[in-house]
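A.B. asks: Input: one structure, supplied below.
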Amino acid sequence: MIQFNIHRFRKLAQWSLTCDKNFYLRKFLQVFVLLTLLFLANTTNFFQFNVNGANRNYAMCSVITIAVLLVNFIIGPSTMFTSMKGKHDLQMLLMLPASNFEKYLMRYSTWIILMPIYLVAFFSADLIQYAVNTLMGSENVLFVTTDIYQRLSSIMLPVQYVPAAAIYTVIIFSLSLHSCYVLGGTFFRSNKYAWILTTLVLIVLCMLLLFLSPEKTVGISSKASTHELVIEDVIYVLWLFVNFWLSYRLFCRTQAVGKFVNL
């Protein structure tokens, strides 16, 4: 039976944030340094491959920034145990006075907490590149945020002509893929490499699917009927719920012992 108490969950969240603050700080610094170096490399004349400052490569900055956020959304749930330092932290988690559902929800929310942290790192790196380019007297200086907004606005125009059913299918498929990494995060005991192992499993499954049904194309066809898209949506939704349910059941079976998988 699933039990949830908001006051107990609040105390659990405070404990988790206190214990994981070094993990979140480390993630912030990693993304901040990576984006800062990337922005400066593509928007200044510090590097030889950026010959003309007037042709600053804001597109590369925008693409990689969006990719970082998308990757965090897709594979982020597989890092739910990454902040825990070995068996001792896992034992403390299992002994906390909270229900399994509350503990699972708190661990799952790790990627959600990382999202605003990554955004702060992005805005900080963007501000630094803008300040550096301005101090250097460069022309046509932009915020990467402005470039991303302009590109997303241009993308949204043709999307208006795409059938709504196809858009819903893409969203539901993305959530289903997200749920695969949720399951991988609780199935594999390797905290650092759970996302790699999950990715390998998904690649093998895709290869098997292609081998068993080579006549079917992978992806969403623009010629697919609304009826076919609805069937795909139903399959993806069922897949999503099954993955979350299995992930929660595996979390409830988590033990502080050295096993490769939670079985």
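All residue names refer to the structure tokens as shown: chains lettered A, B, ... in order, residues numbered from 1 in each chain, ligands numbered from 1 in order.
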Determine which residues of segment 46-229 of chain A DSSP labels as helix (DSSP H, G or I) from the backbone of this structure, then write them out as a count of residues only.
C.D. replies: 132
A.B. asks: Give me, as a PyMOL selection string, all polymer residues having an atom no more than 7 Å from segment 238-249 of chain A, counting only C-alpha atoms and skipping those fewer than 4 positions away in the same chain.
C.D. replies: chain A and resi 104+175-176+179-180+182-183+186+234+253
A.B. asks: A:Phe4, A:Tyr168, A:Tyr118, A:Tyr108: which is nearest Arg26 of chain A, counting only C-alpha atoms?
C.D. replies: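 Between A:Phe4, A:Tyr168, A:Tyr118, A:Tyr108, the residue approaching Arg26 of chain A most closely is A:Tyr118.
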A.B. asks: Between A:Tyr149, A:Phe187, A:Phe251, A:Tyr193, which is the closest to Ala59 of chain A once you count only C-alpha atoms?
C.D. replies: A:Tyr149
A.B. asks: Measure the distance from atom CA of Ala41 of chain A to atom CA of Leu135 of chain A in Å and round it to one decimal.
C.D. replies: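 Separation between atom CA of Ala41 of chain A and atom CA of Leu135 of chain A: 15.8 Å.
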A.B. asks: Measuring atom to atom with only C-alpha atoms, identify which of A:Leu90, A:Met84, A:Leu152, A:Met95 is nearest to Lys192 of chain A.
C.D. replies: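 Going through A:Leu90, A:Met84, A:Leu152, A:Met95 one by one, the smallest distance to Lys192 of chain A is for A:Met84.
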A.B. asks: Write out as an NGL selection string which residues come within 12 Å of Leu17 of chain A when counting only C-alpha atoms, dropping same-chain ones fewer than 2 positions away.
C.D. replies: :A and (10-15 or 19-25 or 83-84 or 106-107 or 109-110 or 113-114)
A.B. asks: As a list in words, please: the residues near Thr199 of chain A (cut-off 10 Å, only C-alpha atoms, same-chain neighbours under 3 positions excluded).
C.D. replies: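 The filter keeps Ile75, Cys180, Tyr181, Gly184, Tyr193, Ala194, Trp195, Ile196, Leu202, Ile203, Val204 and Leu205 of chain A.
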A.B. asks: Restricted to N, CA, C and O atoms, what would the selected residues look like written as a PDB file, in the first residue's frame?
C.D. replies:
```
ATOM      1  N   ILE A  75      17.964  10.858 -19.391  1.00  0.00           N
ATOM      2  CA  ILE A  75      18.745   9.910 -18.591  1.00  0.00           C
ATOM      3  C   ILE A  75      18.882  10.337 -17.138  1.00  0.00           C
ATOM      4  O   ILE A  75      19.440   9.591 -16.326  1.00  0.00           O
ATOM      5  N   CYS A 180      12.281   4.406 -19.139  1.00  0.00           N
ATOM      6  CA  CYS A 180      13.254   3.312 -19.248  1.00  0.00           C
ATOM      7  C   CYS A 180      14.465   3.586 -18.362  1.00  0.00           C
ATOM      8  O   CYS A 180      14.997   2.668 -17.714  1.00  0.00           O
ATOM      9  N   TYR A 181      14.892   4.842 -18.319  1.00  0.00           N
ATOM     10  CA  TYR A 181      16.028   5.194 -17.467  1.00  0.00           C
ATOM     11  C   TYR A 181      15.621   5.250 -15.988  1.00  0.00           C
ATOM     12  O   TYR A 181      16.464   5.072 -15.111  1.00  0.00           O
ATOM     13  N   GLY A 184      16.017   1.662 -15.237  1.00  0.00           N
ATOM     14  CA  GLY A 184      17.428   1.324 -15.177  1.00  0.00           C
ATOM     15  C   GLY A 184      18.109   1.841 -13.919  1.00  0.00           C
ATOM     16  O   GLY A 184      19.016   1.194 -13.383  1.00  0.00           O
ATOM     17  N   TYR A 193      27.260   4.108 -13.501  1.00  0.00           N
ATOM     18  CA  TYR A 193      27.158   3.593 -14.870  1.00  0.00           C
ATOM     19  C   TYR A 193      25.777   3.032 -15.193  1.00  0.00           C
ATOM     20  O   TYR A 193      25.623   2.333 -16.194  1.00  0.00           O
ATOM     21  N   ALA A 194      24.789   3.347 -14.378  1.00  0.00           N
ATOM     22  CA  ALA A 194      23.442   2.828 -14.633  1.00  0.00           C
ATOM     23  C   ALA A 194      22.903   3.347 -15.959  1.00  0.00           C
ATOM     24  O   ALA A 194      22.253   2.610 -16.705  1.00  0.00           O
ATOM     25  N   TRP A 195      23.204   4.614 -16.279  1.00  0.00           N
ATOM     26  CA  TRP A 195      22.689   5.171 -17.537  1.00  0.00           C
ATOM     27  C   TRP A 195      23.371   4.546 -18.747  1.00  0.00           C
ATOM     28  O   TRP A 195      22.735   4.358 -19.800  1.00  0.00           O
ATOM     29  N   ILE A 196      24.646   4.185 -18.604  1.00  0.00           N
ATOM     30  CA  ILE A 196      25.348   3.525 -19.704  1.00  0.00           C
ATOM     31  C   ILE A 196      24.786   2.125 -19.926  1.00  0.00           C
ATOM     32  O   ILE A 196      24.526   1.708 -21.069  1.00  0.00           O
ATOM     33  N   LEU A 202      18.891  -0.712 -24.190  1.00  0.00           N
ATOM     34  CA  LEU A 202      17.961  -0.155 -25.174  1.00  0.00           C
ATOM     35  C   LEU A 202      18.477  -0.354 -26.606  1.00  0.00           C
ATOM     36  O   LEU A 202      17.693  -0.653 -27.515  1.00  0.00           O
ATOM     37  N   ILE A 203      19.786  -0.203 -26.794  1.00  0.00           N
ATOM     38  CA  ILE A 203      20.362  -0.421 -28.124  1.00  0.00           C
ATOM     39  C   ILE A 203      20.180  -1.869 -28.561  1.00  0.00           C
ATOM     40  O   ILE A 203      19.803  -2.159 -29.715  1.00  0.00           O
ATOM     41  N   VAL A 204      20.420  -2.800 -27.636  1.00  0.00           N
ATOM     42  CA  VAL A 204      20.250  -4.230 -27.955  1.00  0.00           C
ATOM     43  C   VAL A 204      18.791  -4.535 -28.283  1.00  0.00           C
ATOM     44  O   VAL A 204      18.494  -5.268 -29.239  1.00  0.00           O
ATOM     45  N   LEU A 205      17.870  -3.965 -27.513  1.00  0.00           N
ATOM     46  CA  LEU A 205      16.450  -4.198 -27.776  1.00  0.00           C
ATOM     47  C   LEU A 205      16.040  -3.632 -29.135  1.00  0.00           C
ATOM     48  O   LEU A 205      15.254  -4.260 -29.864  1.00  0.00           O
TER      49      LEU A 205
END
```
A.B. asks: May I ask which of the residues A:Phe211, A:Phe73, A:Tyr130, A:Trp111 is the closest one to Leu142 of chain A, counting only C-alpha atoms?
C.D. replies: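 Once distances to Leu142 of chain A are computed over only C-alpha atoms, the minimum belongs to A:Tyr130.
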A.B. asks: Pick from A:Val230, A:Cys252, A:Val63, A:Leu119: nearest to Ile2 of chain A, with only C-alpha atoms counted?
C.D. replies: A:Cys252
